[in-house]
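Raw contents of my_file.csv, CSV, N, CA and C atoms:
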```csv
chain,number,residue,atom,x,y,z
A,210,MET,N,-45.9,-26.6,48.3
A,210,MET,CA,-44.5,-26.2,48.4
A,210,MET,C,-44.0,-25.7,47.0
A,211,HIS,N,-44.4,-26.4,46.0
A,211,HIS,CA,-44.0,-26.0,44.6
A,211,HIS,C,-44.6,-24.6,44.3
A,212,HIS,N,-45.8,-24.4,44.9
A,212,HIS,CA,-46.5,-23.2,44.6
A,212,HIS,C,-45.8,-22.0,45.2
A,213,ARG,N,-45.1,-22.2,46.3
A,213,ARG,CA,-44.3,-21.1,46.9
A,213,ARG,C,-43.3,-20.6,45.9
A,214,GLY,N,-42.7,-21.5,45.2
A,214,GLY,CA,-41.7,-21.0,44.2
A,214,GLY,C,-42.4,-20.3,43.1
A,215,GLN,N,-43.5,-20.8,42.6
A,215,GLN,CA,-44.2,-20.1,41.6
A,215,GLN,C,-44.7,-18.7,42.0
A,216,LEU,N,-44.9,-18.5,43.3
A,216,LEU,CA,-45.3,-17.2,43.8
A,216,LEU,C,-44.1,-16.3,44.1
A,217,GLY,N,-42.9,-16.8,43.8
A,217,GLY,CA,-41.7,-16.0,44.0
A,217,GLY,C,-40.9,-16.3,45.2
A,218,ASP,N,-41.4,-17.2,46.1
A,218,ASP,CA,-40.6,-17.5,47.3
A,218,ASP,C,-39.9,-18.8,47.1
A,219,VAL,N,-38.9,-18.8,46.2
A,219,VAL,CA,-38.2,-20.0,45.9
A,219,VAL,C,-37.4,-20.5,47.1
A,220,ALA,N,-36.8,-19.7,47.8
A,220,ALA,CA,-36.0,-20.1,49.0
A,220,ALA,C,-36.9,-20.9,49.9
A,221,SER,N,-38.1,-20.5,50.2
A,221,SER,CA,-39.0,-21.2,51.1
A,221,SER,C,-39.4,-22.5,50.5
A,222,ALA,N,-39.7,-22.5,49.2
A,222,ALA,CA,-40.1,-23.7,48.5
A,222,ALA,C,-39.0,-24.8,48.5
A,223,LEU,N,-37.8,-24.3,48.3
A,223,LEU,CA,-36.6,-25.3,48.3
A,223,LEU,C,-36.5,-25.8,49.8
A,224,ALA,N,-36.6,-24.9,50.7
A,224,ALA,CA,-36.4,-25.4,52.1
A,224,ALA,C,-37.5,-26.4,52.5
A,225,ALA,N,-38.7,-26.2,52.1
A,225,ALA,CA,-39.8,-27.1,52.4
A,225,ALA,C,-39.6,-28.4,51.7
A,226,LEU,N,-39.2,-28.4,50.4
A,226,LEU,CA,-39.0,-29.6,49.7
A,226,LEU,C,-37.8,-30.4,50.3
A,227,ARG,N,-36.8,-29.7,50.7
A,227,ARG,CA,-35.6,-30.4,51.2
A,227,ARG,C,-36.0,-31.0,52.6
A,228,ASP,N,-36.8,-30.4,53.4
A,228,ASP,CA,-37.3,-31.0,54.6
A,228,ASP,C,-38.1,-32.2,54.4
A,229,LEU,N,-39.0,-32.1,53.4
A,229,LEU,CA,-39.8,-33.3,53.0
A,229,LEU,C,-38.9,-34.4,52.5
A,230,LEU,N,-37.9,-34.1,51.7
A,230,LEU,CA,-37.0,-35.1,51.2
A,230,LEU,C,-36.3,-35.8,52.3
A,231,GLU,N,-35.8,-35.1,53.3
A,231,GLU,CA,-35.2,-35.8,54.4
A,231,GLU,C,-36.0,-36.9,55.0
A,232,VAL,N,-37.3,-36.6,55.2
A,232,VAL,CA,-38.2,-37.6,55.8
A,232,VAL,C,-38.4,-38.8,54.8
A,233,GLN,N,-38.6,-38.4,53.5
A,233,GLN,CA,-38.9,-39.4,52.5
A,233,GLN,C,-37.7,-40.4,52.3
A,234,GLN,N,-36.5,-39.8,52.4
A,234,GLN,CA,-35.3,-40.7,52.2
A,234,GLN,C,-35.1,-41.6,53.3
A,235,VAL,N,-35.6,-41.3,54.5
A,235,VAL,CA,-35.6,-42.3,55.6
A,235,VAL,C,-36.7,-43.3,55.4
A,236,ASP,N,-37.9,-42.8,55.2
A,236,ASP,CA,-39.0,-43.7,55.1
A,236,ASP,C,-39.0,-44.6,53.8
A,237,ASP,N,-38.7,-44.1,52.7
A,237,ASP,CA,-38.8,-44.8,51.4
A,237,ASP,C,-37.9,-44.1,50.4
A,238,PRO,N,-36.5,-44.4,50.5
A,238,PRO,CA,-35.6,-43.7,49.6
A,238,PRO,C,-35.8,-43.9,48.1
A,239,GLU,N,-36.4,-45.0,47.7
A,239,GLU,CA,-36.6,-45.3,46.3
A,239,GLU,C,-38.1,-45.3,45.9
A,240,GLY,N,-38.9,-44.6,46.8
A,240,GLY,CA,-40.3,-44.5,46.5
A,240,GLY,C,-40.6,-43.4,45.4
A,241,LEU,N,-41.7,-43.6,44.7
A,241,LEU,CA,-42.0,-42.6,43.7
A,241,LEU,C,-42.2,-41.2,44.3
A,242,ASP,N,-42.8,-41.1,45.5
A,242,ASP,CA,-42.9,-39.8,46.1
A,242,ASP,C,-41.6,-39.2,46.4
A,243,THR,N,-40.6,-39.9,46.8
A,243,THR,CA,-39.3,-39.4,47.0
A,243,THR,C,-38.7,-38.9,45.7
A,244,PHE,N,-38.8,-39.6,44.6
A,244,PHE,CA,-38.4,-39.2,43.3
A,244,PHE,C,-39.1,-37.9,42.9
A,245,ALA,N,-40.4,-37.9,43.2
A,245,ALA,CA,-41.2,-36.7,42.8
A,245,ALA,C,-40.8,-35.5,43.6
A,246,THR,N,-40.2,-35.6,44.7
A,246,THR,CA,-39.7,-34.5,45.5
A,246,THR,C,-38.3,-34.0,45.0
A,247,ARG,N,-37.5,-35.0,44.6
A,247,ARG,CA,-36.2,-34.7,44.1
A,247,ARG,C,-36.2,-33.8,42.8
A,248,ALA,N,-37.2,-34.1,41.9
A,248,ALA,CA,-37.3,-33.4,40.6
A,248,ALA,C,-37.5,-31.9,40.8
A,249,PRO,N,-38.4,-31.4,41.6
A,249,PRO,CA,-38.6,-30.0,41.7
A,249,PRO,C,-37.5,-29.3,42.5
A,250,ILE,N,-36.8,-30.1,43.3
A,250,ILE,CA,-35.6,-29.5,44.0
A,250,ILE,C,-34.6,-29.1,42.9
A,251,ALA,N,-34.4,-30.0,42.0
A,251,ALA,CA,-33.4,-29.8,40.9
A,251,ALA,C,-33.9,-28.6,40.1
A,252,ASP,N,-35.1,-28.6,39.7
A,252,ASP,CA,-35.7,-27.6,38.8
A,252,ASP,C,-35.6,-26.2,39.5
A,253,TRP,N,-36.0,-26.1,40.7
A,253,TRP,CA,-35.9,-24.8,41.4
A,253,TRP,C,-34.5,-24.4,41.6
A,254,THR,N,-33.6,-25.3,41.8
A,254,THR,CA,-32.2,-25.0,42.0
A,254,THR,C,-31.7,-24.4,40.7
A,255,GLY,N,-32.0,-24.9,39.5
A,255,GLY,CA,-31.7,-24.4,38.2
A,255,GLY,C,-32.3,-23.0,38.0
A,256,ARG,N,-33.5,-22.9,38.3
A,256,ARG,CA,-34.2,-21.6,38.2
A,256,ARG,C,-33.6,-20.5,39.0
A,257,GLU,N,-33.0,-20.9,40.1
A,257,GLU,CA,-32.4,-19.9,41.0
A,257,GLU,C,-31.0,-19.5,40.6
A,258,GLY,N,-30.6,-20.0,39.4
A,258,GLY,CA,-29.4,-19.6,38.8
A,258,GLY,C,-28.2,-20.6,38.9
A,259,ASP,N,-28.5,-21.8,39.3
A,259,ASP,CA,-27.4,-22.8,39.4
A,259,ASP,C,-27.7,-24.0,38.5
A,260,PRO,N,-27.7,-23.8,37.2
A,260,PRO,CA,-28.0,-24.9,36.3
A,260,PRO,C,-27.1,-26.1,36.4
A,261,ALA,N,-25.8,-25.9,36.7
A,261,ALA,CA,-24.9,-27.0,36.9
A,261,ALA,C,-25.3,-27.9,38.1
A,262,GLN,N,-25.8,-27.2,39.2
A,262,GLN,CA,-26.2,-28.0,40.3
A,262,GLN,C,-27.5,-28.8,40.0
A,263,ALA,N,-28.4,-28.2,39.2
A,263,ALA,CA,-29.6,-28.9,38.7
A,263,ALA,C,-29.2,-30.1,37.9
A,264,VAL,N,-28.2,-30.0,37.1
A,264,VAL,CA,-27.7,-31.2,36.4
A,264,VAL,C,-27.1,-32.2,37.3
A,265,ALA,N,-26.4,-31.8,38.3
A,265,ALA,CA,-25.8,-32.7,39.3
A,265,ALA,C,-26.9,-33.4,40.1
A,266,LEU,N,-28.0,-32.8,40.3
A,266,LEU,CA,-29.1,-33.4,41.1
A,266,LEU,C,-29.9,-34.3,40.2
A,267,LEU,N,-30.1,-33.9,38.9
A,267,LEU,CA,-30.9,-34.7,38.0
A,267,LEU,C,-30.2,-36.0,37.5
A,268,GLY,N,-28.9,-36.0,37.4
A,268,GLY,CA,-28.2,-37.2,36.9
A,268,GLY,C,-28.5,-38.4,37.8
A,269,PRO,N,-28.3,-38.3,39.1
A,269,PRO,CA,-28.6,-39.4,39.9
A,269,PRO,C,-30.1,-39.8,40.0
A,270,LEU,N,-30.9,-38.8,39.9
A,270,LEU,CA,-32.4,-39.1,39.8
A,270,LEU,C,-32.7,-39.9,38.6
A,271,LEU,N,-32.1,-39.5,37.5
A,271,LEU,CA,-32.3,-40.3,36.2
A,271,LEU,C,-31.9,-41.8,36.4
A,272,VAL,N,-30.7,-41.9,37.0
A,272,VAL,CA,-30.2,-43.3,37.2
A,272,VAL,C,-31.2,-44.1,38.1
A,273,ASP,N,-31.7,-43.4,39.1
A,273,ASP,CA,-32.6,-44.1,40.1
A,273,ASP,C,-33.9,-44.4,39.4
A,274,ARG,N,-34.4,-43.5,38.6
A,274,ARG,CA,-35.7,-43.7,37.9
A,274,ARG,C,-35.5,-44.8,36.9
A,275,LEU,N,-34.4,-44.8,36.2
A,275,LEU,CA,-34.2,-45.9,35.2
A,275,LEU,C,-34.2,-47.3,35.9
A,276,ARG,N,-33.5,-47.3,37.0
A,276,ARG,CA,-33.4,-48.6,37.7
A,276,ARG,C,-34.7,-49.0,38.3
A,277,VAL,N,-35.5,-48.1,38.9
A,277,VAL,CA,-36.7,-48.5,39.7
A,277,VAL,C,-37.9,-48.6,38.8
A,278,ILE,N,-38.2,-47.6,38.0
A,278,ILE,CA,-39.4,-47.6,37.2
A,278,ILE,C,-39.2,-47.8,35.7
A,279,GLY,N,-38.0,-47.8,35.2
A,279,GLY,CA,-37.7,-48.2,33.9
A,279,GLY,C,-37.6,-47.0,32.9
A,280,PRO,N,-37.0,-47.3,31.7
A,280,PRO,CA,-36.8,-46.3,30.7
A,280,PRO,C,-38.1,-45.8,30.0
A,281,GLU,N,-39.1,-46.6,30.1
A,281,GLU,CA,-40.3,-46.2,29.3
A,281,GLU,C,-41.3,-45.4,30.1
A,282,HIS,N,-41.1,-45.3,31.4
A,282,HIS,CA,-42.0,-44.6,32.3
A,282,HIS,C,-42.0,-43.1,32.0
A,283,PRO,N,-43.2,-42.5,31.9
A,283,PRO,CA,-43.2,-41.0,31.6
A,283,PRO,C,-42.4,-40.2,32.6
A,284,HIS,N,-42.3,-40.5,33.8
A,284,HIS,CA,-41.4,-39.7,34.7
A,284,HIS,C,-39.9,-39.9,34.4
A,285,THR,N,-39.5,-41.0,33.9
A,285,THR,CA,-38.2,-41.2,33.4
A,285,THR,C,-37.9,-40.3,32.2
A,286,LEU,N,-38.9,-40.4,31.3
A,286,LEU,CA,-38.7,-39.5,30.1
A,286,LEU,C,-38.7,-38.1,30.4
A,287,GLY,N,-39.5,-37.7,31.4
A,287,GLY,CA,-39.5,-36.3,31.8
A,287,GLY,C,-38.2,-35.9,32.5
A,288,THR,N,-37.6,-36.8,33.2
A,288,THR,CA,-36.3,-36.5,33.9
A,288,THR,C,-35.2,-36.4,32.8
A,289,ARG,N,-35.3,-37.2,31.8
A,289,ARG,CA,-34.3,-37.0,30.7
A,289,ARG,C,-34.4,-35.7,30.0
A,290,MET,N,-35.7,-35.2,29.8
A,290,MET,CA,-35.9,-33.9,29.2
A,290,MET,C,-35.4,-32.8,30.1
A,291,ASP,N,-35.7,-32.9,31.4
A,291,ASP,CA,-35.2,-31.8,32.4
A,291,ASP,C,-33.7,-31.8,32.4
A,292,LEU,N,-33.1,-33.0,32.5
A,292,LEU,CA,-31.6,-33.0,32.5
A,292,LEU,C,-31.0,-32.4,31.3
A,293,ALA,N,-31.5,-32.7,30.1
A,293,ALA,CA,-31.0,-32.1,28.9
A,293,ALA,C,-31.2,-30.6,28.9
A,294,ARG,N,-32.4,-30.2,29.3
A,294,ARG,CA,-32.7,-28.7,29.3
A,294,ARG,C,-31.7,-28.0,30.2
A,295,TRP,N,-31.4,-28.6,31.4
A,295,TRP,CA,-30.5,-27.9,32.3
A,295,TRP,C,-29.0,-28.0,31.8
A,296,ARG,N,-28.7,-29.1,31.1
A,296,ARG,CA,-27.4,-29.2,30.5
A,296,ARG,C,-27.2,-28.0,29.5
A,297,THR,N,-28.2,-27.7,28.7
A,297,THR,CA,-28.1,-26.6,27.8
A,297,THR,C,-27.8,-25.3,28.6
A,298,ALA,N,-28.5,-25.1,29.6
A,298,ALA,CA,-28.4,-23.9,30.4
A,298,ALA,C,-27.0,-23.8,31.2
A,299,ALA,N,-26.5,-25.0,31.4
A,299,ALA,CA,-25.2,-25.1,32.2
A,299,ALA,C,-24.0,-25.1,31.2
A,300,GLY,N,-24.3,-24.8,29.9
A,300,GLY,CA,-23.2,-24.7,29.0
A,300,GLY,C,-22.7,-26.0,28.3
A,301,GLU,N,-23.6,-27.0,28.3
A,301,GLU,CA,-23.3,-28.3,27.7
A,301,GLU,C,-24.3,-28.5,26.5
A,302,PRO,N,-24.4,-27.6,25.6
A,302,PRO,CA,-25.4,-27.8,24.5
A,302,PRO,C,-25.2,-29.0,23.6
A,303,ALA,N,-23.9,-29.3,23.4
A,303,ALA,CA,-23.7,-30.5,22.5
A,303,ALA,C,-24.2,-31.8,23.1
A,304,ARG,N,-23.9,-32.0,24.4
A,304,ARG,CA,-24.4,-33.2,25.1
A,304,ARG,C,-25.9,-33.1,25.2
A,305,ALA,N,-26.4,-31.9,25.5
A,305,ALA,CA,-27.9,-31.8,25.6
A,305,ALA,C,-28.5,-32.2,24.2
A,306,ALA,N,-28.0,-31.7,23.1
A,306,ALA,CA,-28.5,-32.0,21.8
A,306,ALA,C,-28.5,-33.5,21.5
A,307,THR,N,-27.5,-34.1,21.9
A,307,THR,CA,-27.4,-35.6,21.7
A,307,THR,C,-28.5,-36.3,22.5
A,308,GLU,N,-28.6,-35.9,23.8
A,308,GLU,CA,-29.6,-36.5,24.7
A,308,GLU,C,-31.0,-36.2,24.2
A,309,LEU,N,-31.2,-35.0,23.7
A,309,LEU,CA,-32.6,-34.6,23.2
A,309,LEU,C,-32.9,-35.4,22.0
A,310,THR,N,-32.0,-35.6,21.1
A,310,THR,CA,-32.2,-36.3,19.8
A,310,THR,C,-32.6,-37.7,20.2
A,311,GLU,N,-31.9,-38.4,21.1
A,311,GLU,CA,-32.2,-39.7,21.6
A,311,GLU,C,-33.6,-39.8,22.2
A,312,LEU,N,-33.8,-38.8,23.1
A,312,LEU,CA,-35.1,-38.7,23.8
A,312,LEU,C,-36.3,-38.5,22.8
A,313,LEU,N,-36.1,-37.7,21.8
A,313,LEU,CA,-37.1,-37.5,20.8
A,313,LEU,C,-37.5,-38.8,20.1
A,314,ALA,N,-36.5,-39.5,19.7
A,314,ALA,CA,-36.7,-40.8,19.0
A,314,ALA,C,-37.4,-41.8,19.9
A,315,ASP,N,-37.0,-41.8,21.2
A,315,ASP,CA,-37.6,-42.8,22.1
A,315,ASP,C,-39.1,-42.3,22.4
A,316,ALA,N,-39.3,-41.0,22.6
A,316,ALA,CA,-40.6,-40.5,22.9
A,316,ALA,C,-41.6,-40.7,21.8
A,317,GLU,N,-41.1,-40.5,20.5
A,317,GLU,CA,-42.0,-40.8,19.4
A,317,GLU,C,-42.4,-42.2,19.3
A,318,GLU,N,-41.5,-43.1,19.6
A,318,GLU,CA,-41.8,-44.6,19.6
A,318,GLU,C,-42.7,-44.9,20.7
A,319,LEU,N,-42.4,-44.4,21.9
A,319,LEU,CA,-43.2,-44.8,23.1
A,319,LEU,C,-44.5,-44.1,23.2
A,320,LEU,N,-44.6,-42.9,22.9
A,320,LEU,CA,-45.7,-42.1,23.1
A,320,LEU,C,-46.6,-41.8,21.9
A,321,GLY,N,-46.0,-42.0,20.7
A,321,GLY,CA,-46.7,-41.7,19.5
A,321,GLY,C,-46.4,-40.3,19.0
A,322,LEU,N,-46.6,-40.1,17.7
A,322,LEU,CA,-46.1,-38.9,17.1
A,322,LEU,C,-47.0,-37.6,17.4
A,323,ASP,N,-48.1,-37.9,18.0
A,323,ASP,CA,-49.0,-36.7,18.3
A,323,ASP,C,-49.0,-36.4,19.8
A,324,HIS,N,-48.1,-37.0,20.6
A,324,HIS,CA,-48.1,-36.7,22.0
A,324,HIS,C,-47.7,-35.2,22.3
A,325,PRO,N,-48.3,-34.6,23.2
A,325,PRO,CA,-48.0,-33.1,23.5
A,325,PRO,C,-46.6,-32.9,24.0
A,326,ALA,N,-45.9,-33.9,24.5
A,326,ALA,CA,-44.5,-33.7,25.0
A,326,ALA,C,-43.6,-33.5,23.8
A,327,LEU,N,-43.9,-34.0,22.6
A,327,LEU,CA,-43.0,-33.9,21.5
A,327,LEU,C,-42.6,-32.5,21.1
A,328,PRO,N,-43.6,-31.6,20.9
A,328,PRO,CA,-43.2,-30.2,20.5
A,328,PRO,C,-42.3,-29.6,21.6
A,329,VAL,N,-42.5,-29.9,22.8
A,329,VAL,CA,-41.6,-29.3,23.9
A,329,VAL,C,-40.2,-29.9,23.7
A,330,THR,N,-40.1,-31.1,23.4
A,330,THR,CA,-38.8,-31.8,23.2
A,330,THR,C,-38.1,-31.2,22.0
A,331,ARG,N,-38.9,-31.0,20.9
A,331,ARG,CA,-38.3,-30.5,19.7
A,331,ARG,C,-37.8,-29.0,20.0
A,332,ALA,N,-38.6,-28.3,20.7
A,332,ALA,CA,-38.2,-26.9,21.0
A,332,ALA,C,-36.9,-26.9,21.9
A,333,ALA,N,-36.8,-27.8,22.8
A,333,ALA,CA,-35.6,-27.9,23.6
A,333,ALA,C,-34.4,-28.2,22.8
A,334,LEU,N,-34.6,-29.2,21.8
A,334,LEU,CA,-33.5,-29.5,20.9
A,334,LEU,C,-33.1,-28.4,20.1
A,335,ALA,N,-34.1,-27.6,19.6
A,335,ALA,CA,-33.8,-26.4,18.7
A,335,ALA,C,-33.0,-25.4,19.6
A,336,GLY,N,-33.3,-25.3,20.8
A,336,GLY,CA,-32.6,-24.3,21.7
A,336,GLY,C,-31.2,-24.8,21.9
A,337,ALA,N,-31.0,-26.1,22.2
A,337,ALA,CA,-29.6,-26.6,22.4
A,337,ALA,C,-28.8,-26.4,21.1
A,338,LEU,N,-29.4,-26.7,19.9
A,338,LEU,CA,-28.6,-26.5,18.7
A,338,LEU,C,-28.3,-25.1,18.4
A,339,LYS,N,-29.2,-24.2,18.7
A,339,LYS,CA,-29.0,-22.8,18.5
A,339,LYS,C,-27.9,-22.3,19.4
A,340,LYS,N,-27.9,-22.7,20.7
A,340,LYS,CA,-26.8,-22.3,21.6
A,340,LYS,C,-25.5,-22.9,21.1
A,341,LEU,N,-25.5,-24.1,20.6
A,341,LEU,CA,-24.3,-24.7,20.1
A,341,LEU,C,-23.7,-24.0,18.9
A,342,ARG,N,-24.6,-23.5,18.0
A,342,ARG,CA,-24.1,-22.7,16.8
A,342,ARG,C,-23.6,-21.4,17.2
A,343,HIS,N,-24.0,-20.8,18.3
A,343,HIS,CA,-23.6,-19.5,18.7
A,343,HIS,C,-22.4,-19.5,19.7
A,344,ARG,N,-21.7,-20.6,19.7
A,344,ARG,CA,-20.5,-20.7,20.6
A,344,ARG,C,-19.4,-20.1,20.0
```
For the file at hand, write its structure as structure tokens.
Amino acid sequence: MHHRGQLGDVASALAALRDLLEVQQVDDPEGLDTFATRAPIADWTGREGDPAQAVALLGPLLVDRLRVIGPEHPHTLGTRMDLARWRTAAGEPARAATELTELLADAEELLGLDHPALPVTRAALAGALKKLRHR
């Protein structure tokens, strides 16, 4: 399904993911597979030009992941990154910069200074700060 979006058929990818999510939310609303479906729905929604809706979808996902799998889980850290990245795109660079600064500190502590996620997080923080300066 995700590959459909990568091939340019985002509408079909989103439709398939939403259909899958309907079933998952009945069968296991707090399951890791359900969370793993919610994340790309938010991402593809943002890529399709609605970053504010991506933020609206990722906020509750982050709350659920924090509650169910905890703050140290890599998927929770990834959701924090995605949420901040879409906040920047949605016109909230100050909040995104704050969240990315906190995420960077947490990720360095939890994952180590050489983890490959850290340069991506630093780049997202730089992007948020740049957007903030150019307001």
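If you count only N, CA and C atoms and ignore residues fewer than 2 places along the chain from Ala337 (chain A), what sits within 6.5 Å of it is A:Thr297, A:Pro302, A:Ala303, A:Ala305, A:Ala306, A:Ala332, A:Ala333, A:Leu334, A:Ala335, A:Lys339, A:Lys340, A:Leu341, A:Arg342.
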Within 7 Å of Leu292 (chain A) using all atoms listed in the file, minus same-chain residues under 6 positions, as an MDAnalysis selection string: chainID A and resid 263:264 267:268 305
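Each of A:Glu318, A:Phe244, A:Trp295, A:Thr330 was compared to Pro269 (chain A) using only C-alpha atoms, and A:Phe244 turns out to be the nearest.
Taking only C-alpha atoms into account, Pro280 (chain A) lies nearest to A:Leu312 out of the set A:Leu312, A:Leu338, A:Val235, A:Ala298.
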Among region 235-324 of chain A, which residues does DSSP mark as alpha helix (DSSP H) when it is run on the backbone? Keep the chain and numbering as in the structure and answer as a VMD selection string. chain A and resid 235 to 236 241 to 256 260 to 277 283 to 298 302 to 320
For region 239-243 of chain A, find every residue with an atom within 8 Å (counting only N, CA and C atoms), except residues of its own chain fewer than 5 positions away, and show them as an MDAnalysis selection string. chainID A and resid 229:230 232:234 248 273 277
Compare A:Pro283, A:Pro249, A:Gly300, A:Pro260 by their minimum atom-to-atom distance to Leu223 (chain A), counting only C-alpha atoms, and give me the closest one. A:Pro249
Would you compute the distance between CA of Asp218 (chain A) and CA of Ala251 (chain A)? Give it in Å to one decimal. 15.6 Å
Which residues are near Ile250 (chain A)? Cut-off 10 Å, only C-alpha atoms, ignore same chain within fewer than 2 positions. Put them as a ChimeraX atom specification. /A:211,222-227,230,245-248,252-256,263,266-267
Atom pair CA of Ala316 (chain A) / CA of Ala299 (chain A): separation (Å): 23.7 Å
Selection near Leu319 (chain A), 8 Å with all atoms listed in the file, sequence-local residues under 5 positions removed, as JSON, numbers by chain: {"A": [281, 313, 314]}
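Of the residues listed (A:Gly321, A:Pro238, A:Gly258, A:Gly336), A:Gly336 shows the shortest atom-to-atom separation from Glu301 (chain A); distances use only C-alpha atoms.
The two atoms in question, CA of Ala293 (chain A) and CA of Ile278 (chain A), are spaced 19.5 Å apart.
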